[in-house]
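S.K.: Sharing protein-v4.csv (CSV, C-alpha atoms) below.
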```csv
chain,number,residue,atom,x,y,z
A,7,MET,CA,-5.6,82.5,-34.6
A,8,LEU,CA,-4.4,81.3,-38.0
A,9,TYR,CA,-5.7,77.9,-39.2
A,10,TYR,CA,-4.0,76.5,-42.3
A,11,LEU,CA,-6.0,73.7,-44.0
A,12,ILE,CA,-5.0,71.4,-46.9
A,13,ALA,CA,-7.5,69.4,-48.9
A,14,GLY,CA,-6.5,67.8,-52.2
A,15,GLU,CA,-9.8,66.7,-53.7
A,16,ARG,CA,-13.5,67.6,-54.1
A,17,SER,CA,-14.8,65.8,-51.0
A,18,GLY,CA,-12.1,67.3,-48.8
A,19,ASP,CA,-13.1,70.8,-50.0
A,20,LEU,CA,-16.7,70.1,-49.1
A,21,HIS,CA,-15.8,68.9,-45.6
A,22,GLY,CA,-13.2,71.6,-45.2
A,23,GLY,CA,-15.8,74.3,-46.0
A,24,ASN,CA,-18.1,73.0,-43.2
A,25,LEU,CA,-15.2,72.7,-40.8
A,26,ILE,CA,-14.1,76.3,-41.4
A,27,ARG,CA,-17.6,77.5,-40.7
A,28,SER,CA,-17.5,75.8,-37.4
A,29,ILE,CA,-14.1,77.1,-36.6
A,30,ARG,CA,-15.1,80.6,-37.3
A,31,GLN,CA,-18.3,80.2,-35.2
A,32,HIS,CA,-16.2,79.3,-32.2
A,33,ASP,CA,-13.3,81.6,-33.0
A,34,PRO,CA,-14.7,84.8,-34.5
A,35,ASP,CA,-11.2,86.1,-35.1
A,36,ALA,CA,-10.1,83.0,-36.9
A,37,ARG,CA,-8.1,83.5,-40.1
A,38,CYS,CA,-8.1,80.5,-42.5
A,39,ARG,CA,-5.6,79.9,-45.3
A,40,ALA,CA,-6.0,76.8,-47.4
A,41,TYR,CA,-5.2,74.6,-50.3
A,42,GLY,CA,-8.7,73.7,-51.4
A,43,GLY,CA,-11.6,74.9,-53.6
A,44,GLU,CA,-14.8,76.9,-53.8
A,45,GLN,CA,-16.4,75.4,-50.7
A,46,MET,CA,-13.6,76.4,-48.5
A,47,GLN,CA,-13.3,79.8,-50.2
A,48,GLU,CA,-17.1,80.4,-49.6
A,49,ALA,CA,-16.6,79.5,-46.0
A,50,GLY,CA,-14.1,82.3,-45.6
A,51,ALA,CA,-10.7,80.8,-46.4
A,52,THR,CA,-8.0,82.4,-48.5
A,53,ILE,CA,-7.2,79.8,-51.2
A,54,VAL,CA,-3.6,79.5,-52.1
A,55,ARG,CA,-4.0,76.8,-54.7
A,56,HIS,CA,-7.0,75.0,-56.0
A,57,TYR,CA,-7.3,71.3,-55.4
A,58,ARG,CA,-7.9,70.6,-59.1
A,59,GLU,CA,-4.2,71.2,-59.6
A,60,MET,CA,-3.4,68.4,-57.2
A,61,ALA,CA,-5.9,65.7,-58.0
A,62,PHE,CA,-3.6,63.0,-59.4
A,63,MET,CA,-4.8,59.4,-58.9
A,64,GLY,CA,-3.1,56.1,-59.3
A,65,PHE,CA,0.6,55.1,-59.4
A,66,LEU,CA,1.1,55.9,-63.1
A,67,GLU,CA,-0.6,59.3,-62.9
A,68,VAL,CA,1.4,60.2,-59.8
A,69,ALA,CA,4.7,59.0,-61.4
A,70,LYS,CA,4.0,61.1,-64.6
A,71,ASN,CA,3.4,64.2,-62.5
A,72,LEU,CA,6.0,63.7,-59.9
A,73,GLY,CA,7.8,66.9,-60.8
A,74,THR,CA,4.6,68.9,-60.5
A,75,ILE,CA,3.7,67.3,-57.2
A,76,ARG,CA,7.1,68.1,-55.8
A,77,LYS,CA,6.9,71.7,-57.0
A,78,ILE,CA,3.5,72.1,-55.4
A,79,MET,CA,4.8,70.6,-52.1
A,80,ARG,CA,7.8,73.0,-52.0
A,81,GLU,CA,5.5,75.9,-52.6
A,82,CYS,CA,3.1,74.7,-49.8
A,83,GLN,CA,6.0,74.2,-47.4
A,84,ALA,CA,7.3,77.7,-48.1
A,85,ASP,CA,3.8,79.2,-47.6
A,86,VAL,CA,3.3,77.4,-44.3
A,87,LEU,CA,6.6,78.6,-43.0
A,88,ALA,CA,6.0,82.1,-44.2
A,89,ASN,CA,2.7,82.3,-42.4
A,90,ARG,CA,3.5,80.1,-39.3
A,91,PRO,CA,-0.1,79.0,-38.5
A,92,ASP,CA,-1.2,78.2,-35.0
A,93,VAL,CA,-2.2,74.8,-36.4
A,94,LEU,CA,-2.0,72.9,-39.7
A,95,ILE,CA,-5.2,71.0,-40.4
A,96,LEU,CA,-4.9,68.1,-42.9
A,97,ILE,CA,-8.0,66.7,-44.6
A,98,ASP,CA,-7.7,63.2,-46.0
A,99,TYR,CA,-5.4,63.2,-49.1
A,100,SER,CA,-2.8,61.1,-47.3
A,101,GLY,CA,0.1,60.9,-49.9
A,102,PHE,CA,0.6,64.7,-49.9
A,103,ASN,CA,-0.6,65.4,-46.4
A,104,LEU,CA,1.5,63.0,-44.4
A,105,ARG,CA,4.6,64.5,-46.0
A,106,MET,CA,3.3,67.9,-45.0
A,107,ALA,CA,2.8,66.6,-41.5
A,108,ARG,CA,6.4,65.5,-41.3
A,109,PHE,CA,7.5,68.9,-42.5
A,110,ALA,CA,5.3,70.8,-40.0
A,111,LYS,CA,6.5,68.5,-37.1
A,112,LYS,CA,10.1,69.3,-38.0
A,113,HIS,CA,9.4,73.0,-37.8
A,114,GLY,CA,7.5,72.9,-34.6
A,115,ILE,CA,4.0,73.5,-36.0
A,116,ARG,CA,1.0,71.7,-34.5
A,117,VAL,CA,-0.7,69.3,-36.7
A,118,PHE,CA,-4.4,68.1,-36.7
A,119,TYR,CA,-5.7,65.5,-39.1
A,120,TYR,CA,-9.4,65.4,-40.0
A,121,ILE,CA,-10.6,62.3,-41.9
A,122,SER,CA,-7.9,59.8,-41.3
A,123,PRO,CA,-5.9,58.2,-44.1
A,124,LYS,CA,-7.2,54.7,-44.7
A,125,VAL,CA,-4.3,53.0,-43.0
A,126,TRP,CA,-6.7,50.3,-41.8
A,127,ALA,CA,-7.1,49.2,-45.4
A,128,TRP,CA,-3.5,48.4,-46.2
A,129,ASN,CA,0.0,48.8,-44.7
A,130,GLN,CA,-1.6,49.2,-41.3
A,131,LYS,CA,1.7,49.9,-39.6
A,132,ARG,CA,1.5,53.4,-41.1
A,133,ALA,CA,-0.6,54.1,-38.0
A,134,LEU,CA,2.7,54.4,-36.1
A,135,THR,CA,3.9,57.1,-38.5
A,136,ILE,CA,0.6,59.0,-37.9
A,137,LYS,CA,1.0,58.6,-34.1
A,138,ALA,CA,4.5,60.1,-34.4
A,139,LEU,CA,3.5,63.0,-36.6
A,140,ILE,CA,0.0,64.1,-35.7
A,141,ASP,CA,-0.9,65.9,-32.6
A,142,ARG,CA,-4.6,65.2,-32.8
A,143,MET,CA,-6.5,62.9,-35.1
A,144,PHE,CA,-10.2,63.4,-35.7
A,145,VAL,CA,-11.8,60.2,-37.2
A,146,ILE,CA,-15.2,59.8,-38.9
A,147,PHE,CA,-15.9,56.0,-38.6
A,148,PRO,CA,-16.4,54.3,-35.3
A,149,PHE,CA,-14.2,51.3,-36.1
A,150,GLU,CA,-11.2,53.7,-36.6
A,151,VAL,CA,-11.1,54.3,-32.8
A,152,GLU,CA,-10.6,50.6,-32.1
A,153,PHE,CA,-8.1,50.3,-34.9
A,154,PHE,CA,-5.8,53.0,-33.6
A,155,LYS,CA,-6.1,51.7,-30.1
A,156,LYS,CA,-4.1,48.7,-31.3
A,157,TYR,CA,-1.2,51.1,-31.8
A,158,ASP,CA,-1.8,52.8,-28.4
A,159,TYR,CA,-2.9,56.0,-30.2
A,160,GLU,CA,-6.0,57.8,-28.8
A,161,VAL,CA,-8.1,59.5,-31.5
A,162,GLU,CA,-11.3,61.5,-31.3
A,163,TYR,CA,-14.4,60.2,-33.1
A,164,VAL,CA,-16.6,63.2,-34.2
A,165,GLY,CA,-19.1,61.5,-36.5
A,166,ASN,CA,-19.3,61.5,-40.3
A,167,PRO,CA,-19.3,65.0,-42.0
A,168,LEU,CA,-21.4,63.5,-44.9
A,169,MET,CA,-24.3,63.7,-42.6
A,170,ASP,CA,-23.8,67.5,-42.3
A,171,ALA,CA,-23.8,67.9,-46.0
A,172,LEU,CA,-26.9,65.8,-46.3
A,173,ALA,CA,-28.7,67.7,-43.6
A,174,ALA,CA,-27.9,71.0,-45.4
A,175,PHE,CA,-29.2,69.6,-48.7
A,176,GLN,CA,-32.3,71.3,-50.1
A,177,PRO,CA,-33.6,69.6,-53.3
A,178,ASN,CA,-33.7,71.8,-56.3
A,179,PRO,CA,-37.3,71.5,-57.7
A,180,ALA,CA,-36.1,72.4,-61.2
A,181,ILE,CA,-34.2,69.1,-61.1
A,182,THR,CA,-36.0,66.9,-58.7
A,183,GLY,CA,-39.5,67.7,-60.0
A,184,GLN,CA,-38.7,66.2,-63.4
A,185,LYS,CA,-38.1,62.6,-64.5
A,186,ARG,CA,-37.0,59.6,-62.5
A,187,TYR,CA,-33.5,58.6,-63.5
A,188,ILE,CA,-30.8,56.0,-63.1
A,189,ALA,CA,-27.8,58.0,-61.9
A,190,LEU,CA,-24.4,57.6,-63.4
A,191,LEU,CA,-21.7,58.9,-60.9
A,192,PRO,CA,-18.3,58.2,-62.6
A,193,GLY,CA,-16.2,60.3,-60.1
A,194,SER,CA,-14.7,63.7,-59.9
A,195,ARG,CA,-11.2,63.0,-61.3
A,196,LYS,CA,-10.3,62.9,-65.0
A,197,GLN,CA,-8.8,59.4,-64.7
A,198,GLU,CA,-11.9,58.0,-63.0
A,199,VAL,CA,-14.3,59.6,-65.5
A,200,THR,CA,-12.4,58.4,-68.6
A,201,ALA,CA,-12.2,54.9,-67.2
A,202,MET,CA,-15.6,54.4,-65.7
A,203,LEU,CA,-18.1,56.5,-67.7
A,204,PRO,CA,-17.7,54.5,-71.0
A,205,VAL,CA,-18.6,51.3,-69.1
A,206,MET,CA,-21.6,52.9,-67.5
A,207,LEU,CA,-22.8,54.3,-70.8
A,208,ALA,CA,-22.4,51.1,-72.6
A,209,ALA,CA,-24.6,49.4,-70.0
A,210,THR,CA,-27.4,51.9,-70.6
A,211,ARG,CA,-27.9,50.4,-74.0
A,212,GLN,CA,-29.7,47.5,-72.3
A,213,PHE,CA,-32.3,49.7,-70.7
A,214,PRO,CA,-34.1,51.5,-73.6
A,215,ASN,CA,-37.2,52.3,-71.4
A,216,HIS,CA,-35.2,54.1,-68.6
A,217,ASP,CA,-33.9,57.6,-68.4
A,218,PHE,CA,-30.2,58.1,-67.4
A,219,ALA,CA,-28.4,61.1,-66.1
A,220,VAL,CA,-24.7,61.6,-65.5
A,221,GLY,CA,-23.4,63.7,-62.6
A,222,THR,CA,-20.7,65.9,-64.0
A,223,VAL,CA,-18.4,68.2,-62.1
A,224,SER,CA,-17.2,71.7,-62.9
A,225,ASN,CA,-13.6,71.1,-62.1
A,226,LEU,CA,-13.4,68.9,-65.2
A,227,PRO,CA,-13.7,70.4,-68.7
A,228,ALA,CA,-17.0,70.1,-70.6
A,229,SER,CA,-15.1,68.9,-73.6
A,230,LEU,CA,-14.2,65.7,-71.7
A,231,TYR,CA,-17.9,64.8,-71.2
A,232,ASP,CA,-18.7,66.0,-74.8
A,233,ALA,CA,-16.4,63.3,-76.2
A,234,LEU,CA,-17.6,60.5,-73.9
A,235,LEU,CA,-21.3,61.3,-74.4
A,236,ALA,CA,-21.2,61.9,-78.1
A,237,ASP,CA,-23.0,58.7,-78.9
A,238,TYR,CA,-25.5,59.0,-76.1
A,239,PRO,CA,-27.6,62.1,-76.8
A,240,ASP,CA,-30.4,61.0,-74.6
A,241,VAL,CA,-28.3,60.9,-71.4
A,242,VAL,CA,-28.9,64.0,-69.4
A,243,ARG,CA,-26.1,65.9,-67.7
A,244,LEU,CA,-26.4,67.5,-64.3
A,245,GLN,CA,-23.4,69.5,-63.2
A,246,ASP,CA,-22.4,69.8,-59.5
A,247,ALA,CA,-25.8,68.4,-58.5
A,248,ALA,CA,-25.1,64.8,-57.3
A,249,TYR,CA,-27.5,65.0,-54.4
A,250,ASP,CA,-30.3,66.4,-56.6
A,251,LEU,CA,-29.6,63.6,-59.1
A,252,LEU,CA,-29.7,60.9,-56.5
A,253,HIS,CA,-32.8,62.4,-55.0
A,254,SER,CA,-34.4,61.9,-58.4
A,255,SER,CA,-33.1,58.4,-59.1
A,256,ASP,CA,-34.4,54.9,-58.6
A,257,ALA,CA,-30.9,53.4,-58.8
A,258,ALA,CA,-27.3,54.4,-59.4
A,259,LEU,CA,-24.0,53.2,-60.9
A,260,VAL,CA,-21.2,54.6,-58.7
A,261,THR,CA,-17.5,54.7,-59.0
A,262,SER,CA,-15.9,53.4,-55.7
A,263,GLY,CA,-15.3,56.3,-53.3
A,264,THR,CA,-17.1,58.6,-51.0
A,265,ALA,CA,-20.1,58.8,-53.4
A,266,THR,CA,-20.9,55.1,-52.6
A,267,LEU,CA,-21.7,56.1,-49.0
A,268,GLU,CA,-23.6,59.3,-50.1
A,269,THR,CA,-25.7,57.1,-52.3
A,270,ALA,CA,-26.6,54.7,-49.5
A,271,LEU,CA,-27.4,57.5,-47.1
A,272,LEU,CA,-29.8,58.9,-49.7
A,273,ASN,CA,-31.5,55.5,-49.9
A,274,VAL,CA,-30.7,54.9,-53.6
A,275,PRO,CA,-29.8,51.2,-54.4
A,276,GLU,CA,-26.5,51.1,-56.2
A,277,VAL,CA,-23.9,49.0,-58.0
A,278,VAL,CA,-20.3,50.0,-57.1
A,279,LEU,CA,-17.8,50.0,-59.9
A,280,TYR,CA,-14.0,50.1,-60.1
A,281,LYS,CA,-12.4,48.9,-63.3
A,282,THR,CA,-9.1,47.1,-63.0
A,283,PRO,CA,-7.5,44.1,-64.7
A,284,ARG,CA,-7.8,40.7,-63.0
A,285,TRP,CA,-4.1,40.4,-62.3
A,286,TYR,CA,-4.1,43.9,-60.6
A,287,TYR,CA,-7.1,42.8,-58.6
A,288,GLU,CA,-5.4,39.6,-57.5
A,289,ILE,CA,-2.3,41.6,-56.3
A,290,GLY,CA,-4.6,44.1,-54.5
A,291,LYS,CA,-6.4,41.3,-52.6
A,292,ARG,CA,-3.1,40.3,-51.1
A,293,ILE,CA,-2.1,43.9,-50.1
A,294,LEU,CA,-5.5,45.1,-48.8
A,295,ALA,CA,-6.3,44.3,-45.2
A,296,VAL,CA,-10.0,44.7,-45.7
A,297,PRO,CA,-12.4,42.6,-47.7
A,298,TYR,CA,-14.3,45.3,-49.5
A,299,LEU,CA,-13.7,48.5,-51.5
A,300,SER,CA,-16.9,50.4,-50.8
A,301,LEU,CA,-17.5,52.3,-47.6
A,302,VAL,CA,-21.0,50.9,-47.4
A,303,ASN,CA,-19.8,47.3,-47.1
A,304,LEU,CA,-16.9,48.3,-44.8
A,305,ILE,CA,-19.2,50.0,-42.4
A,306,ALA,CA,-21.8,47.2,-42.5
A,307,GLY,CA,-19.1,44.6,-42.1
A,308,ARG,CA,-20.6,42.5,-44.9
A,309,LEU,CA,-21.7,42.6,-48.5
A,310,VAL,CA,-24.5,45.1,-48.9
A,311,VAL,CA,-23.8,46.5,-52.4
A,312,ARG,CA,-22.2,44.6,-55.2
A,313,GLU,CA,-18.7,45.6,-56.2
A,314,LEU,CA,-17.6,45.0,-59.8
A,315,ILE,CA,-13.8,45.3,-60.1
A,316,TYR,CA,-12.0,43.0,-62.5
A,317,ASP,CA,-15.4,41.9,-63.9
A,318,CYS,CA,-16.5,45.5,-64.5
A,319,THR,CA,-18.0,45.0,-68.0
A,320,PRO,CA,-21.1,46.5,-69.5
A,321,GLU,CA,-22.8,43.1,-69.4
A,322,ARG,CA,-22.1,42.5,-65.7
A,323,VAL,CA,-23.0,46.1,-64.9
A,324,ALA,CA,-26.4,45.7,-66.6
A,325,GLU,CA,-27.0,42.4,-64.9
A,326,GLU,CA,-26.4,43.9,-61.4
A,327,LEU,CA,-28.3,47.0,-62.2
A,328,ARG,CA,-31.4,45.1,-63.3
A,329,ALA,CA,-31.4,43.2,-60.0
A,330,ILE,CA,-31.9,46.4,-58.0
A,331,LEU,CA,-34.5,48.2,-60.0
A,332,PRO,CA,-38.0,48.6,-58.6
A,333,GLY,CA,-39.9,45.4,-58.2
A,334,ASN,CA,-36.8,43.2,-57.6
A,335,PRO,CA,-36.3,41.4,-54.2
A,336,ARG,CA,-32.6,42.3,-53.9
A,337,ARG,CA,-33.6,46.0,-54.0
A,338,GLU,CA,-35.7,45.7,-50.8
A,339,ILE,CA,-32.9,43.7,-49.1
A,340,MET,CA,-30.4,46.5,-49.9
A,341,LEU,CA,-32.7,49.2,-48.6
A,342,ARG,CA,-33.1,47.3,-45.3
A,343,ASP,CA,-29.3,46.9,-45.0
A,344,TYR,CA,-29.0,50.7,-45.7
A,345,ALA,CA,-30.9,51.4,-42.6
A,346,GLU,CA,-28.3,49.6,-40.5
A,347,VAL,CA,-25.5,51.5,-42.2
A,348,GLN,CA,-27.2,54.8,-41.6
A,349,GLN,CA,-27.6,53.9,-37.9
A,350,LYS,CA,-23.9,53.2,-37.6
A,351,VAL,CA,-22.9,56.4,-39.3
A,352,GLY,CA,-25.0,58.5,-36.9
A,353,GLY,CA,-26.6,61.9,-37.3
A,354,PRO,CA,-25.2,65.3,-38.3
A,355,GLY,CA,-22.9,67.5,-36.3
A,356,ALA,CA,-19.4,66.1,-37.1
A,357,SER,CA,-18.2,69.5,-38.5
A,358,GLU,CA,-19.5,71.3,-35.5
A,359,ARG,CA,-17.9,68.9,-33.1
A,360,ALA,CA,-14.6,68.8,-34.9
A,361,GLY,CA,-14.4,72.6,-35.3
A,362,LYS,CA,-15.3,73.4,-31.7
A,363,ARG,CA,-12.8,70.9,-30.4
A,364,MET,CA,-10.0,72.2,-32.7
A,365,VAL,CA,-10.6,75.7,-31.5
A,366,GLU,CA,-10.5,74.6,-27.8
A,367,LEU,CA,-7.2,72.8,-28.4
A,368,VAL,CA,-5.6,75.6,-30.3
A,369,LYS,CA,-6.5,78.1,-27.6
A,370,ALA,CA,-5.2,75.8,-24.9
A,371,TYR,CA,-1.9,75.4,-26.7
A,372,ALA,CA,-1.6,79.2,-27.0
A,373,ASN,CA,-2.1,79.5,-23.2
A,374,GLN,CA,0.6,76.9,-22.3
```
As a first step, turn the structure in this file into structure tokens.

M.R.:
Amino acid sequence: MLYYLIAGERSGDLHGGNLIRSIRQHDPDARCRAYGGEQMQEAGATIVRHYREMAFMGFLEVAKNLGTIRKIMRECQADVLANRPDVLILIDYSGFNLRMARFAKKHGIRVFYYISPKVWAWNQKRALTIKALIDRMFVIFPFEVEFFKKYDYEVEYVGNPLMDALAAFQPNPAITGQKRYIALLPGSRKQEVTAMLPVMLAATRQFPNHDFAVGTVSNLPASLYDALLADYPDVVRLQDAAYDLLHSSDAALVTSGTATLETALLNVPEVVLYKTPRWYYEIGKRILAVPYLSLVNLIAGRLVVRELIYDCTPERVAEELRAILPGNPRREIMLRDYAEVQQKVGGPGASERAGKRMVELVKAYANQ
């Protein structure tokens, strides 16, 4: 069987790699072709294009690169048709992947979706589009099952694949046996890092007695970090080692995204940051159908971690960080709330369950 997977960002590559391992375990003859990265390649996929060439974020960035995006999509469509996979497996990355789903449906190719687009956050009626285009949806949050039921669409809850990544994590003693840090996790996209890291770094000035380390990623050039960290020689860099960094940290400043949940699952008190102008925030409040940005708060259903958005200034960041350092009451409250979030997320096994189920379905389709 040929499985064709598309992941357009770093976290999708991680979860895609674990999914491929499960697929190959249950289908030893499986061939996997993918748009992804190193994790999927190490799991055995043939990588057609690296996700770093597709990681455009925000309206302006997408608009500026529309020609490139269309070119990549045409190439992807041509490659899918040339190879005619038994199933197209889409991993998050909704803007690109929903268009690929429409294309595959038109050409009679089965489509699975792993890690649903966040249609519950805004423009919820997109669920009807998903229902029309996707043969099977595999979701990672329990509340998504009930959400899609409102649209008479039955989805399969497999658990959260972050728990698989965390279960596989083995601390590197060369990192974790050193100092205790405050972690700076500015994101894995250029736009995120250039917007968020300067604010994080400026806030560090108010903590001369603490050690800070920034989690860098290899899919971004070292020169980007060199420029941003030029005035902060004491801030340590740890590349592609976010879990090791968090394991060694008393607190964290985290750009909104998957990393906010990873930080909570590793029991590190955090402040969630997403810098945007006040007017943009006010518009966003009217569009979003959920009250929070961070996955931690969405899963808990209440405010667990502070979110700084229009007020994401070094002064406010420092104020919120100080409140969650050891010895502060809010830190203990946050850690208790984390236990509830961890219980809701569940244990490991999402990748195994999803991969096994996908293989079962693909084989059943082949026998029809």

S.K.: Determine, counting only C-alpha atoms, which protein, DNA and RNA residues have an atom within 12 Å of an atom of Val260 in chain A; residues of the same chain fewer than 2 positions away are not included. Present the result as a PyMOL selection string.

M.R.: chain A and resi 188-194+198-199+202-203+205-206+220-221+248+252+257-258+262-270+274-281+300-302+311-315+318+323+327

S.K.: If we count only C-alpha atoms, what is near Tyr9 in chain A at a cut-off of 9 Å, once residues fewer than 4 positions away on the same chain are taken out, given as a list in words?

M.R.: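 The residues that qualify are Ile26, Ile29, Ala36, Arg37, Cys38, Arg39, Ala40, Pro91, Asp92, Val93, Leu94 and Ile95 of chain A.
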
S.K.: Residues within 12 Å of Ala372 in chain A, please, as an MDAnalysis selection string. Count all atoms listed in the file; anything in the same chain fewer than 4 positions from it doesn't count.

M.R.: chainID A and resid 7:8 91:93 116 365:368

S.K.: What is the distance between CA of Asn166 in chain A and CA of Ala356 in chain A, in Å to one decimal?

M.R.: 5.6 Å

S.K.: I'd like the interatomic distance between CA of Thr210 in chain A and CA of Ala324 in chain A, to a tenth of an Å.

M.R.: 7.4 Å

S.K.: For a quick check of understanding, using all atoms listed in the file, which of A:Leu251, A:Val242, A:Val145, A:Val351 has the smallest distance to Pro123 in chain A?

M.R.: A:Val145

S.K.: As an exercise, work out the distance from CA of Glu338 in chain A to CA of Val310 in chain A in Å and give it to one decimal place.

M.R.: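 Computing the Euclidean distance for CA of Glu338 in chain A and CA of Val310 in chain A yields 11.4 Å.
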
S.K.: With distances taken over all atoms listed in the file, which residue among A:Tyr10, A:Tyr187, A:Phe154, A:Phe147 lies nearest Met106 in chain A?

M.R.: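 Using all atoms listed in the file, Met106 in chain A sits closest to A:Tyr10.
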
S.K.: Using only C-alpha atoms, which residues sit within 10 Å of Gly353 in chain A once same-chain residues fewer than 4 positions away are excluded, as a PyMOL selection string?

M.R.: chain A and resi 165-170+172-173+348-349

S.K.: Can those selected residues be exported to a file as a short mmCIF file (atom, residue, chain, number, x, y, z; two decimals), in the coordinates of the input so that it contains C-alpha atoms?

M.R.:
```
data_model
loop_
_atom_site.label_atom_id
_atom_site.label_comp_id
_atom_site.auth_asym_id
_atom_site.auth_seq_id
_atom_site.Cartn_x
_atom_site.Cartn_y
_atom_site.Cartn_z
CA GLY A 165 -19.10 61.50 -36.50
CA ASN A 166 -19.30 61.50 -40.30
CA PRO A 167 -19.30 65.00 -42.00
CA LEU A 168 -21.40 63.50 -44.90
CA MET A 169 -24.30 63.70 -42.60
CA ASP A 170 -23.80 67.50 -42.30
CA LEU A 172 -26.90 65.80 -46.30
CA ALA A 173 -28.70 67.70 -43.60
CA GLN A 348 -27.20 54.80 -41.60
CA GLN A 349 -27.60 53.90 -37.90
#
```

S.K.: Find the residue from A:Gln176, A:Ala360, A:Gly23, A:Phe109 that sits nearest to Glu48 in chain A; use all atoms listed in the file when measuring.

M.R.: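 For Glu48 in chain A, the nearest of the given residues is A:Gly23.
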
S.K.: Might you pull out every residue within 9 Å of Val117 in chain A, with all atoms listed in the file counted and same-chain residues fewer than 5 positions away left off, and present them as a list of chain:residue names?

M.R.: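 With the cut-off at 9 Å, the set is A:Val93, A:Leu94, A:Ile95, A:Leu96, A:Ala107, A:Ala110, A:Lys111, A:Leu139, A:Ile140, A:Asp141, A:Arg142, A:Met143.
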
S.K.: Which of these residues is nearest to Leu11 in chain A, using only C-alpha atoms: A:His32, A:Arg55, A:Lys350, A:Lys77?

M.R.: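 Ranking A:His32, A:Arg55, A:Lys350, A:Lys77 by distance to Leu11 in chain A, first place goes to A:Arg55.
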
S.K.: Would you please work out which residue, of A:Pro214, A:Pro332, A:Pro177, A:Pro227, is nearest to Leu272 in chain A when using all atoms listed in the file?

M.R.: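 Closest candidate: A:Pro177.
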